[in-house]
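For reference, the structure is listed below as structure tokens.
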Amino acid sequence: MVTTDFSVNSKAGIRFALQLAKQTKNKLIFFHSQELPKPTRWSLEKYNSYTAVELKKTHARLRQFVDKISHETGLKARDAQFVVAEGYKVGHGVIDFAKHIKANYICMSTRGAGAFKKLIGTTASAILTTSPIPVIVVPKTYRVSPISHILYSSDFNNLKGEINKVVGFARPLKARVSVYHYDFLLPLKEVKMKLEKIAARYVSKGVTFHFRKLHVENSLSHHLQMDIKKSKPNLVVLFTKQNRGWYERIFLSSKSAALSFDTKSPLLVFRKRKK
């Protein structure tokens with residue numbers, strides 16, 4: 001399910017979804033939520049008639065918007081669906097519809113650099129922190145390229161369940177998976193040996209593990225940013241606890257409110273399993 005508000009920024013999410021569909025042959029459903037306030041003096045009949053007309057217009061606009069991006073990228077969505085729904089709270093509307101159609105993923109664009117809310121946007125932030133469905137957020141600077149390398153940052157809690165999901169996503173893409181784990185105690189021989197023993201169960205031709213010391217003076221996002229810049233993945237995967245405090249700790253520097261996470265790579269966010 002791909003969301004758009006017809007903005008220039010939202011084109012990135014559509015471009016990523018078109019590339020993903022090309023490699024996996026998955027079906028895409030493009031979704032737009034439209035707010036249509038009812039004037040107090042209007043009768044219900046008049047308002048319903050007006051709503052029907054406006055939603056029809058927007059549906060045509062949605063098809064044209066996606067078709068133009070498809071033409072620009074040379075990527076076509078096979079058997080795509082276009083849905084326009086009326087809704088006051090866009091975030092809730094997106095999640096409700098995604099659950100209704102049993103979507104595998106929700107794909108949307110981010111806004112760019114800046115503070116957390118500015119980067120993600122209030123609507124996208126609400127979806128990220130509440131959606132039971134995995135969410136793909138795509139930076140507005142994204143340009144189409146084959147998805148061949150996935151970086152998965154793991155805390156090694158429930159590694160089996162999480163890596164199965166990541167590999168399940170990567171396999172149809174024929175993408176390799178690089179698993180990164182950060183640990184304060186990595187210099188200790190027994191800690192490193194324990195981590196390597198766990199990793200050995202899941203290493204395969206397309207899955208490799210990378211261990212990094214977590215330095216207390218830098219945030220996790222800083223460490224991730226450095227490895228993302230070096231390895232240049234086409235997608236970054238995180239499993240998260242869905243609460244705003246967690247997101248702000250991950251996406252914001254521990255020293256200031258300046259954004260430190262590298263947003264040039266699309267991000268796939270799974271909800272972490274509750275213990």
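Identifiers in this document derive from the order of the structure tokens: chains are assigned A, B, ..., residues are numbered from 1 separately in each chain, and ligands are numbered from 1 in order of occurrence.
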
*Looking only at the backbone, which of the residues in region 2-218 of chain A does DSSP tag as strand (DSSP E), as a PyMOL selection string?*
chain A and resi 2-3+29-34+81-86+106-109+135-138+149-153+176-183+207-213

_What parts of region 168-197 of chain A does DSSP call helix (DSSP H, G or I)? I'd like the answer as a PyMOL selection string._
chain A and resi 168-173+189-197

*asked:* So that I can see what lies close to Ser109 (chain A), please list as a PyMOL selection string the residues with an atom at most 8 Å from it, counting only C-alpha atoms and leaving out residues fewer than 2 positions away in the same chain.
replied: chain A and resi 4+9-13+107+111+137-140

*asked:* Neighbouring residues of Val236 (chain A) were defined as those with any atom within 6 Å, considering only C-alpha atoms; residues of the same chain fewer than 6 positions away were excluded. Please report them as a VMD selection string.
replied: chain A and resid 150 to 152 267

Kindly export the residues of the current selection with C-alpha atoms, as a JSON list (two decimals), in the first residue's frame.
```
[["chain", "number", "residue", "atom", "x", "y", "z"],
["A", 150, "ILE", "CA", 19.82, -4.62, 2.75],
["A", 151, "LEU", "CA", 21.38, -3.46, 6.03],
["A", 152, "TYR", "CA", 19.61, -4.88, 9.07],
["A", 267, "LEU", "CA", 13.98, 2.56, 5.89]]
```

*Leu195 (chain A) environment, 12 Å, only C-alpha atoms, sequence neighbours closer than 2 positions dropped, as a list in words*: Ser154, Asp155, Phe156, Asn157, Leu159, Val179, Tyr180, His181, Tyr182, Asp183, Leu185, Leu186, Pro187, Leu188, Lys189, Glu190, Val191, Lys192, Met193, Lys197, Ile198, Ala199, Ala200, Arg201, Tyr202, Phe209, His210, Phe211 and Arg212 of chain A

*Quick one: pull the distance between CA of Leu28 (chain A) and CA of Phe270 (chain A), Å, one decimal.*
19.2 Å

_Asp67 (chain A) surroundings by only C-alpha atoms, 12 Å radius, close-in-sequence under 2 positions cut, as number ranges by chain_ = A: 11, 14-15, 18, 30, 60-65, 69-78, 80-82
